[in-house]
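Structure below is protein.txt: compact mmCIF, C-alpha atoms.
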# COMPACT_ATOMS: atom_id res chain seq x y z
CA MET A 1 0.00 0.00 0.00
CA GLY A 2 2.75 2.37 0.97
CA GLY A 3 4.52 1.73 -2.32
CA ASP A 4 1.30 2.41 -4.24
CA ASN A 5 0.78 5.69 -2.42
CA LYS A 6 4.31 6.76 -3.19
CA GLY A 7 3.88 5.86 -6.85
CA SER A 8 0.64 7.87 -7.07
CA LYS A 9 2.37 10.95 -5.70
CA ARG A 10 4.96 11.01 -8.48
CA LYS A 11 4.47 13.65 -11.19
CA ASP A 12 3.53 12.61 -14.71
CA ALA A 13 5.88 13.26 -17.60
CA PRO A 14 5.22 16.34 -19.74
CA GLY A 15 2.37 15.74 -22.14
CA GLY A 16 0.40 13.42 -19.91
CA GLY A 17 0.82 10.12 -18.20
CA ASP A 18 0.77 8.08 -21.41
CA GLY A 19 4.44 8.96 -22.04
CA GLN A 20 3.79 11.24 -25.05
CA LYS A 21 6.07 14.28 -25.32
CA GLN A 22 4.46 17.68 -25.31
CA LYS A 23 5.11 19.73 -28.45
CA LYS A 24 7.41 22.68 -27.96
CA LYS A 25 5.83 26.08 -28.49
CA LYS A 26 7.29 28.24 -31.26
CA THR A 27 8.86 31.42 -29.96
CA GLY A 28 10.07 33.03 -33.22
CA GLY A 29 7.01 34.35 -35.05
CA ASN A 30 3.26 34.53 -35.18
CA GLY A 31 2.50 33.20 -38.64
CA GLY A 32 1.62 36.69 -39.86
CA LYS A 33 -1.54 36.87 -37.71
CA TRP A 34 -0.57 40.02 -35.84
CA THR A 35 2.39 42.38 -35.52
CA THR A 36 3.54 44.81 -32.90
CA PRO A 37 3.79 48.49 -33.86
CA ASN A 38 7.58 48.17 -33.96
CA GLN A 39 7.40 45.18 -36.34
CA ALA A 40 4.87 46.93 -38.59
CA ASN A 41 7.09 50.02 -38.70
CA LYS A 42 10.13 47.91 -39.65
CA LEU A 43 8.26 46.02 -42.39
CA ALA A 44 6.90 49.26 -43.86
CA LEU A 45 10.40 50.78 -43.98
CA GLU A 46 11.75 47.66 -45.71
CA ARG A 47 8.99 47.80 -48.33
CA ASN A 48 9.75 51.48 -48.91
CA SER A 49 13.45 50.74 -49.55
CA VAL A 50 12.80 48.28 -52.42
CA PRO A 51 11.53 49.14 -55.93
CA GLN A 52 7.82 48.48 -56.31
CA ALA A 53 5.45 48.13 -59.25
CA GLY A 54 4.38 51.61 -60.32
CA ASP A 55 7.75 53.22 -59.58
CA ARG A 56 10.12 54.69 -62.12
CA GLY A 57 13.74 55.58 -61.82
CA ILE A 58 17.30 54.65 -62.70
CA TRP A 59 19.31 51.50 -62.03
CA VAL A 60 22.89 52.31 -61.06
CA THR A 61 25.81 49.89 -61.02
CA CYS A 62 28.88 50.82 -59.03
CA ALA A 63 32.24 49.55 -57.79
CA ARG A 64 32.12 46.57 -55.44
CA HIS A 65 31.84 47.39 -51.71
CA GLN A 66 31.47 51.10 -52.53
CA GLU A 67 27.65 51.23 -52.47
CA ASN A 68 27.42 53.88 -49.75
CA LYS A 69 29.87 56.22 -51.46
CA ALA A 70 28.19 55.60 -54.81
CA ALA A 71 24.78 56.46 -53.31
CA ARG A 72 26.04 59.84 -52.06
CA GLU A 73 27.83 60.45 -55.34
CA VAL A 74 24.80 59.69 -57.52
CA ILE A 75 22.47 61.88 -55.43
CA ASN A 76 24.89 64.82 -55.68
CA LEU A 77 25.21 64.31 -59.44
CA PHE A 78 21.46 64.01 -60.00
CA GLU A 79 20.69 67.05 -57.85
CA GLU A 80 23.11 69.11 -59.92
CA TYR A 81 21.37 68.10 -63.15
CA ILE A 82 17.90 68.61 -61.65
CA GLU A 83 18.87 72.19 -60.88
CA SER A 84 20.29 72.78 -64.39
CA MET A 85 17.53 70.97 -66.36
CA TYR A 86 14.39 71.72 -64.34
CA CYS A 87 15.46 74.81 -62.35
CA ILE A 88 14.60 73.08 -59.06
CA LYS A 89 16.97 73.78 -56.21
CA PRO A 90 17.66 70.71 -54.02
CA ALA A 91 16.41 70.81 -50.42
CA SER A 92 19.95 70.31 -49.07
CA LYS A 93 21.22 73.46 -50.85
CA GLU A 94 18.23 75.48 -49.65
CA ALA A 95 18.95 74.45 -46.06
CA ASP A 96 22.61 75.42 -46.42
CA ALA A 97 21.67 78.80 -47.89
CA ALA A 98 19.21 79.44 -45.07
CA ALA A 99 21.84 78.55 -42.48
CA LYS A 100 24.40 80.90 -44.04
CA ASN A 101 22.00 83.84 -44.36
CA GLY A 102 20.36 83.37 -40.99
CA ASP A 103 22.09 85.74 -38.60
CA GLY A 104 24.69 87.55 -40.73
CA ASP A 105 28.46 87.10 -40.77
CA ASP A 106 29.37 88.45 -37.31
CA ASN A 107 29.32 85.15 -35.53
CA GLY A 108 30.07 82.89 -38.49
CA ALA A 109 31.85 80.12 -36.62
CA GLU A 110 29.20 79.96 -33.90
CA ASP A 111 26.45 79.90 -36.52
CA LEU A 112 28.14 77.01 -38.32
CA ASP A 113 28.45 75.07 -35.05
CA ILE A 114 24.81 75.70 -34.21
CA ALA A 115 23.72 74.75 -37.74
CA ALA A 116 25.73 71.52 -37.53
CA ALA A 117 24.18 70.66 -34.17
CA ILE A 118 20.68 71.36 -35.48
CA ALA A 119 21.33 69.27 -38.60
CA LYS A 120 22.55 66.39 -36.44
CA GLU A 121 19.51 66.62 -34.17
CA LEU A 122 17.18 66.73 -37.17
CA GLY A 123 18.90 63.69 -38.61
CA GLU A 124 18.34 61.77 -35.36
CA MET A 125 14.71 62.85 -35.28
CA LYS A 126 14.28 61.75 -38.89
CA GLU A 127 15.53 58.27 -38.03
CA LYS A 128 12.92 57.98 -35.29
CA LYS A 129 10.00 58.99 -37.50
CA PRO A 130 7.21 56.46 -37.99
CA ALA A 131 7.14 54.51 -41.24
CA ASP A 132 4.01 56.20 -42.58
CA VAL A 133 5.48 59.69 -42.02
CA GLN A 134 8.81 58.66 -43.53
CA LYS A 135 7.03 57.14 -46.54
CA GLN A 136 5.06 60.35 -47.16
CA GLU A 137 8.28 62.40 -47.11
CA ASP A 138 10.06 59.94 -49.44
CA ASP A 139 7.12 59.97 -51.84
CA LYS A 140 7.33 63.77 -52.09
CA ALA A 141 11.12 63.71 -52.62
CA LEU A 142 12.33 63.90 -56.21
CA LEU A 143 15.08 61.36 -55.54
CA LYS A 144 15.25 58.34 -53.29
CA ALA A 145 18.40 56.17 -53.37
CA MET A 146 17.76 52.51 -52.45
CA LYS A 147 20.62 50.24 -51.39
CA LEU A 148 19.62 46.67 -52.21
CA ASN A 149 20.69 43.28 -50.90
CA ILE A 150 23.02 42.74 -53.86
CA ASP A 151 26.55 43.97 -54.50
CA CYS A 152 27.32 46.73 -57.00
CA LEU A 153 23.68 47.72 -57.54
CA LEU A 154 21.53 50.70 -56.50
CA PHE A 155 18.15 52.01 -57.55
CA VAL A 156 17.25 55.70 -57.56
CA ARG A 157 13.51 56.33 -57.60
CA THR A 158 12.48 59.54 -59.36
CA ARG A 159 9.34 61.67 -59.38
CA ASP A 160 7.87 64.28 -61.72
CA PRO A 161 9.10 66.31 -63.52
CA ILE A 162 12.12 64.02 -63.99
CA LYS A 163 11.91 61.81 -67.09
CA PRO A 164 14.49 59.06 -66.61
CA VAL A 165 15.37 58.51 -70.30
CA GLU A 166 16.10 62.14 -71.26
CA PHE A 167 17.66 62.78 -67.83
CA VAL A 168 20.21 59.97 -68.19
CA LYS A 169 20.87 60.80 -71.84
CA ARG A 170 21.85 64.37 -70.89
CA ILE A 171 24.25 63.07 -68.21
CA VAL A 172 26.03 60.55 -70.44
CA VAL A 173 26.36 62.98 -73.37
CA ASP A 174 28.03 65.51 -71.05
CA THR A 175 30.23 62.73 -69.69
CA LYS A 176 31.38 61.80 -73.20
CA GLN A 177 32.44 65.40 -73.83
CA CYS A 178 34.48 65.64 -70.62
CA THR A 179 38.11 65.47 -71.81
CA ASP A 180 39.68 66.89 -68.64
CA ILE A 181 40.33 64.22 -66.00
CA ARG A 182 40.24 66.87 -63.26
CA LYS A 183 36.57 67.56 -64.05
CA ILE A 184 35.44 63.98 -63.54
CA LYS A 185 32.53 64.03 -61.08
CA CYS A 186 32.06 60.31 -60.44
CA ARG A 187 34.61 57.83 -59.20
CA TYR A 188 32.39 54.91 -58.20
CA LEU A 189 29.50 55.00 -60.69
CA ASN A 190 29.39 52.74 -63.72
CA ARG A 191 26.26 52.14 -65.76
CA LEU A 192 23.01 54.13 -65.61
CA THR A 193 19.88 52.36 -66.89
CA PRO A 194 16.67 54.45 -67.02
CA MET A 195 13.31 52.80 -66.32
CA SER A 196 10.23 54.63 -67.60
CA VAL A 197 7.68 52.20 -66.11
CA MET A 198 7.95 49.35 -63.60
CA GLY A 199 5.45 46.53 -63.21
CA LYS A 200 5.20 43.04 -61.77
CA ALA A 201 7.73 40.45 -62.91
CA THR A 202 5.18 38.05 -64.41
CA GLU A 203 4.28 37.32 -68.02
CA GLN A 204 1.10 39.37 -67.73
CA GLY A 205 2.90 42.17 -65.88
CA LEU A 206 5.63 42.15 -68.54
CA ALA A 207 3.08 42.48 -71.35
CA GLU A 208 1.21 45.29 -69.57
CA THR A 209 4.45 47.19 -68.89
CA ALA A 210 5.53 46.73 -72.51
CA ARG A 211 2.26 48.18 -73.80
CA GLN A 212 2.63 51.27 -71.62
CA VAL A 213 6.22 51.92 -72.68
CA LEU A 214 6.21 50.88 -76.36
CA GLU A 215 2.93 52.41 -77.56
CA GLU A 216 4.66 55.80 -78.05
CA TYR A 217 7.15 54.40 -80.58
CA PHE A 218 5.81 51.14 -82.06
CA ASP A 219 2.69 49.76 -83.68
CA LEU A 220 1.49 47.18 -81.15
CA SER A 221 -0.93 45.33 -83.40
CA GLY A 222 1.10 42.16 -82.93
CA LYS A 223 2.84 39.88 -85.38
CA LYS A 224 0.89 39.46 -88.59
CA GLY A 225 -0.51 35.97 -89.04
CA GLU A 226 0.59 34.86 -85.56
CA LYS A 227 -0.98 34.71 -82.14
CA THR A 228 -0.41 37.48 -79.64
CA ALA A 229 2.19 37.00 -76.94
CA GLU A 230 1.36 35.00 -73.87
CA GLY A 231 -0.02 37.16 -71.09
CA ALA A 232 -0.93 39.99 -73.47
CA PRO A 233 -4.59 41.08 -73.16
CA GLU A 234 -6.56 40.23 -76.28
CA THR A 235 -8.17 43.13 -78.14
CA THR A 236 -11.93 43.05 -78.48
CA THR A 237 -13.94 43.98 -81.57
CA GLU A 238 -14.85 47.35 -80.04
CA GLU A 239 -11.18 48.17 -79.42
CA LYS A 240 -10.34 47.16 -82.99
CA LYS A 241 -13.02 49.52 -84.31
CA GLU A 242 -11.65 52.36 -82.21
CA ASP A 243 -8.15 51.58 -83.46
CA GLY A 244 -9.44 51.65 -87.03
CA GLU A 245 -11.13 55.01 -86.52
CA GLN A 246 -8.13 56.61 -84.78
CA LYS A 247 -5.29 54.92 -86.62
CA ARG A 248 -1.91 56.38 -85.76
CA GLU A 249 0.99 56.49 -88.18
CA TYR A 250 4.21 55.12 -86.70
CA LYS A 251 7.68 55.63 -88.07
CA PRO A 252 9.24 52.35 -89.25
CA TYR A 253 11.75 52.16 -86.41
CA THR A 254 14.04 49.17 -86.26
CA TYR A 255 14.65 47.85 -82.78
CA ALA A 256 16.69 45.56 -80.54
CA ILE A 257 15.68 44.12 -77.16
CA ARG A 258 18.31 44.09 -74.38
CA PRO A 259 17.08 42.25 -71.26
CA THR A 260 18.90 42.07 -67.91
CA ILE A 261 17.70 39.64 -65.22
CA ARG A 262 18.91 39.73 -61.61
CA ASN A 263 17.78 37.62 -58.62
CA HIS A 264 14.86 36.24 -60.60
CA SER A 265 14.16 32.77 -61.96
CA ASN A 266 10.56 32.73 -63.30
CA LEU A 267 10.95 34.76 -66.49
CA LYS A 268 13.67 33.49 -68.79
CA ARG A 269 15.49 35.58 -71.36
CA ASP A 270 13.78 33.91 -74.35
CA VAL A 271 10.34 34.40 -72.81
CA VAL A 272 11.01 38.11 -72.23
CA ILE A 273 12.22 38.68 -75.80
CA ASN A 274 9.40 36.67 -77.42
CA THR A 275 6.70 38.34 -75.31
CA ILE A 276 7.84 41.85 -76.27
CA ALA A 277 8.52 41.00 -79.92
CA GLY A 278 5.09 39.36 -80.16
CA LEU A 279 3.39 42.68 -79.41
CA ILE A 280 5.14 44.63 -82.18
CA ASN A 281 3.97 44.73 -85.80
CA ASP A 282 6.79 42.91 -87.58
CA GLU A 283 5.79 44.25 -91.00
CA ARG A 284 6.38 47.86 -89.99
CA HIS A 285 9.15 47.40 -87.41
CA LYS A 286 12.07 45.09 -88.15
CA VAL A 287 14.62 43.66 -85.74
CA ASN A 288 18.14 45.05 -86.17
CA LEU A 289 20.67 43.88 -83.61
CA THR A 290 23.70 45.69 -85.05
CA ASN A 291 22.42 49.21 -85.79
CA PRO A 292 18.86 49.71 -84.46
CA ASP A 293 16.92 52.98 -84.39
CA LYS A 294 15.60 52.21 -80.89
CA VAL A 295 16.81 49.96 -78.09
CA ILE A 296 14.27 48.42 -75.70
CA LEU A 297 15.88 48.07 -72.26
CA VAL A 298 14.29 45.50 -69.92
CA ASP A 299 15.52 45.11 -66.35
CA ILE A 300 14.02 42.44 -64.06
CA PHE A 301 14.92 42.36 -60.38
CA GLN A 302 13.21 39.99 -57.94
CA THR A 303 9.47 40.79 -58.25
CA VAL A 304 9.59 43.94 -60.42
CA CYS A 305 10.08 44.44 -64.14
CA GLY A 306 11.16 47.79 -65.59
CA MET A 307 11.31 48.93 -69.20
CA SER A 308 12.32 51.93 -71.31
CA VAL A 309 13.07 52.86 -74.92
CA VAL A 310 16.34 54.67 -75.67
CA ASP A 311 17.95 55.89 -78.89
CA GLY A 312 20.05 53.64 -81.09
CA ASP A 313 23.32 55.28 -79.99
CA TRP A 314 23.10 53.34 -76.72
CA ASP A 315 25.97 51.06 -77.79
CA GLU A 316 27.97 54.02 -79.09
CA LEU A 317 27.59 55.68 -75.68
CA LYS A 318 29.10 52.57 -74.06
CA LYS A 319 25.68 51.36 -72.87
CA TYR A 320 25.53 54.46 -70.66
CA ASN A 321 28.60 53.38 -68.70
CA MET A 322 30.11 56.55 -67.23
CA THR A 323 33.49 55.05 -66.38
CA GLU A 324 34.06 53.88 -69.96
CA LEU A 325 32.88 57.22 -71.34
CA TYR A 326 35.31 59.12 -69.11
CA ASN A 327 38.16 56.83 -70.19
CA GLN A 328 37.27 57.24 -73.86
CA ALA A 329 37.06 61.03 -73.60
CA ALA A 330 40.36 61.26 -71.74
CA GLY A 331 42.11 58.82 -74.10
CA ILE A 332 42.71 56.23 -71.38
CA THR A 333 42.84 52.64 -72.60
CA THR A 334 41.23 50.23 -70.18
CA VAL A 335 42.29 46.64 -69.56
CA GLU A 336 39.45 45.34 -71.72
CA GLN A 337 40.43 47.61 -74.62
CA LYS A 338 44.05 46.39 -74.38
CA LYS A 339 42.83 42.79 -74.49
CA GLN A 340 40.74 43.55 -77.58
CA GLN A 341 43.71 45.17 -79.32
CA LYS A 342 45.90 42.18 -78.51
CA GLN A 343 43.26 39.78 -79.85
CA LYS A 344 43.08 41.73 -83.12
CA GLN A 345 46.86 41.58 -83.50
CA ASP A 346 46.86 37.82 -82.85
CA GLU A 347 44.09 37.34 -85.40
CA LYS A 348 46.09 39.23 -88.02
CA LYS A 349 49.12 37.00 -87.36
CA ARG A 350 47.05 33.82 -87.61
CA LYS A 351 45.11 35.00 -90.66
CA PRO A 352 46.20 33.11 -93.83
CA GLU A 353 47.57 35.13 -96.72
CA SER A 354 45.20 35.93 -99.55
CA VAL A 355 45.79 34.78 -103.15
CA SER A 356 46.79 38.27 -104.30
CA GLU A 357 49.33 38.68 -101.49
CA SER A 358 50.91 35.31 -102.23
CA ALA A 359 51.07 36.13 -105.98
CA GLU A 360 52.75 39.46 -105.23
CA LYS A 361 55.33 37.74 -103.05
CA LYS A 362 56.10 35.19 -105.78
CA GLU A 363 56.63 37.97 -108.33
CA GLU A 364 58.95 39.78 -105.94
CA GLU A 365 60.95 36.59 -105.44
CA LYS A 366 61.21 36.10 -109.22
CA GLU A 367 62.47 39.66 -109.65
CA ASP A 368 65.10 39.11 -106.96
CA VAL A 369 66.30 35.91 -108.69
CA THR A 370 66.56 37.61 -112.11
CA LYS A 371 68.52 40.47 -110.56
CA ASP A 372 70.98 38.00 -109.01
CA ILE A 373 71.47 36.21 -112.35
CA LYS A 374 72.14 39.46 -114.18
CA GLU A 375 74.68 40.55 -111.58
CA GLU A 376 76.52 37.20 -111.88
CA ASP A 377 76.62 37.46 -115.70
CA GLU A 378 78.08 40.97 -115.52
CA LYS A 379 80.78 39.78 -113.11
CA GLU A 380 81.75 36.89 -115.45
CA LYS A 381 82.11 39.32 -118.41
CA GLU A 382 84.33 41.66 -116.41
CA GLU A 383 86.72 38.89 -115.24
CA PRO A 384 88.24 37.98 -118.72
CA VAL A 385 88.73 41.67 -119.58
CA SER A 386 90.78 42.20 -116.45
CA ALA A 387 92.86 39.05 -117.22
CA THR A 388 93.84 40.27 -120.74
CA ALA A 389 94.78 43.69 -119.38
CA ALA A 390 97.15 41.98 -116.95

Rewrite the structure of this file - the entire thing - as structure tokens.
Amino acid sequence: MGGDNKGSKRKDAPGGGDGQKQKKKKTGGNGGKWTTPNQANKLALERNSVPQAGDRGIWVTCARHQENKAAREVINLFEEYIESMYCIKPASKEADAAAKNGDGDDNGAEDLDIAAAIAKELGEMKEKKPADVQKQEDDKALLKAMKLNIDCLLFVRTRDPIKPVEFVKRIVVDTKQCTDIRKIKCRYLNRLTPMSVMGKATEQGLAETARQVLEEYFDLSGKKGEKTAEGAPETTTEEKKEDGEQKREYKPYTYAIRPTIRNHSNLKRDVVINTIAGLINDERHKVNLTNPDKVILVDIFQTVCGMSVVDGDWDELKKYNMTELYNQAAGITTVEQKKQQKQKQDEKKRKPESVSESAEKKEEEKEDVTKDIKEEDEKEKEEPVSATAA
């Protein structure tokens, strides 16, 4: 009896007396059911620092591990061109001007110290702002630099009145004309790729984005005698009637499609090219990969797809690569250019001689032989004359 009483007093194992183990509670998440204000604020800030469908802007590649310096550099460069092209003074310059003209020049050093302290305090306050307030301020800003979770890549979101294509074209043309190395403004920036419209990185989103961007330059009645591209919305009879009534005349631009895909695996390169080409009237607009009138730039990153149409001198302007343009203007040969020159020299050495060159060489050899024979005959004639004289 005593042993039974003692056994009944013992505690059961976790999960009940049948020996089953109790499942451990998860401590690292809530399955998305609810979030604390701090978590919601953090998620909103993360969403605001990544390109979204509906944005427009400029992709920027830069030197590896120099993303922070490149972000400051690109904002300074863009603000300078915003002021020159659109006559809009950047907010940072306005604040500096207000600080300088605040209390006169009597206590200049003290004013600078006070302005620096105020700027630092404002910066700390800005970091503590809620996500919704920060998002409203970023939406109003003309420029918003986004550092992404990938090396050598930035995205700068732009707002009206900035038009990414003409904005970038102005920058790269000025860069090409910069022959003085001392006037180089960018040390870490490489390629600038403007994006007029950004949509979702799906086949349907790609087709919708293409229609928005390409309708200004191309006849989007589709390939003649073939089905429309997958994901492209089919035109109804009413839309066809309206198109017939308001038919627009398009210039017969030739085109080339240049896609770039990063951190994305759903849309393949062939699918992107075929989807876009399937929207364009192939009787009016022909593909020209070597010397096109227009270049269609497509840039896919994670869940967004951006597109723009640039002029055919895109390749001539080094694909809008600022470093290569600076080197070309200053007459600096890069490592890649040296490799290309060496390859050309090697090809010339390995290249077999043509028929004409070989014939010319044979004739030259014959002439040399005849000259030698004549010289020997002349020597033989002179020898007996000298002997008789002796």

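Separating atom CA of A:Val271 from atom CA of A:Gly205 is a distance of 12.8 Å.
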
request  = Taking the point (17.0, 47.5, -84.3) as given in the file, collect each protein or nucleic acid residue that comes within 12 Å of it, counting all atoms listed in the file, and present the set as a PyMOL selection string.
outcome  = chain A and resi 218+252-258+277+282+285-296+309-315

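Among the candidates A:Arg248, A:Lys318, A:Arg211, A:Arg159, the one nearest to A:Thr193 when counting only C-alpha atoms is A:Lys318.
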
key: Contacts of stretch 305-307 of chain A within 12 Å, all atoms listed in the file, excl. fewer than 4 positions in-chain, as a PyMOL selection string   = chain A and resi 51-59+155+157+164-165+193-214+257-264+266-267+272+276+295-301

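Neighbouring residues of A:Lys147 at 9 Å or closer, counting all atoms listed in the file and skipping chain neighbours under 5 positions away, are Ser49, Val50, Glu67, Asn68, Ala71, Leu153, Leu154, Phe155 and Val156 of chain A.
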
Selection above as a file: C-alpha atoms, as a tab-separated table (two decimals), keeping the file's coordinate frame:
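Produced file again16.tsv, reproduced below:
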chain	number	residue	atom	x	y	z
A	49	SER	CA	13.45	50.74	-49.55
A	50	VAL	CA	12.80	48.28	-52.42
A	67	GLU	CA	27.65	51.23	-52.47
A	68	ASN	CA	27.42	53.88	-49.75
A	71	ALA	CA	24.78	56.46	-53.31
A	153	LEU	CA	23.68	47.72	-57.54
A	154	LEU	CA	21.53	50.70	-56.50
A	155	PHE	CA	18.15	52.01	-57.55
A	156	VAL	CA	17.25	55.70	-57.56

request  = Compile the contact shell of A:Phe167 as a list in words: residues with an atom at most 9 Å away, counting only C-alpha atoms, same-chain residues fewer than 6 positions apart removed.
outcome  =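 Residues near the query, excluding close chain neighbours: Phe78, Tyr81, Ile82, Met85 and Pro194 of chain A.
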
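The interatomic distance for the pair atom CA of A:Met322 and atom CA of A:Arg191 works out to 6.0 Å.
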
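Atom CA of A:Ile181 is positioned 9.9 Å from atom CA of A:Ile332.
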
inquiry  = Can you pull out the residues contacting A:Thr323? Cut-off 8 Å, using all atoms listed in the file, and skip same-chain residues under 5 positions away; I want them as an MDAnalysis selection string.
reply    = chainID A and resid 187 189:191

Option closest in space to A:Glu283, from A:Leu142, A:Ala330, A:Leu220, A:Val304 [counting all atoms listed in the file] =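 Checking each of A:Leu142, A:Ala330, A:Leu220, A:Val304 against A:Glu283, counting all atoms listed in the file, the winner is A:Leu220.
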
inquiry  = For a quick check of understanding, using all atoms listed in the file, which of A:Asp180, A:Asp346, A:Glu316, A:Glu364 has the smallest distance to A:Gly331?
reply    = A:Asp180

request  = Determine the nearest neighbour of A:Lys169 from the options A:Tyr250, A:Leu143, A:Leu192, A:Leu279, counting all atoms listed in the file.
outcome  = A:Leu192
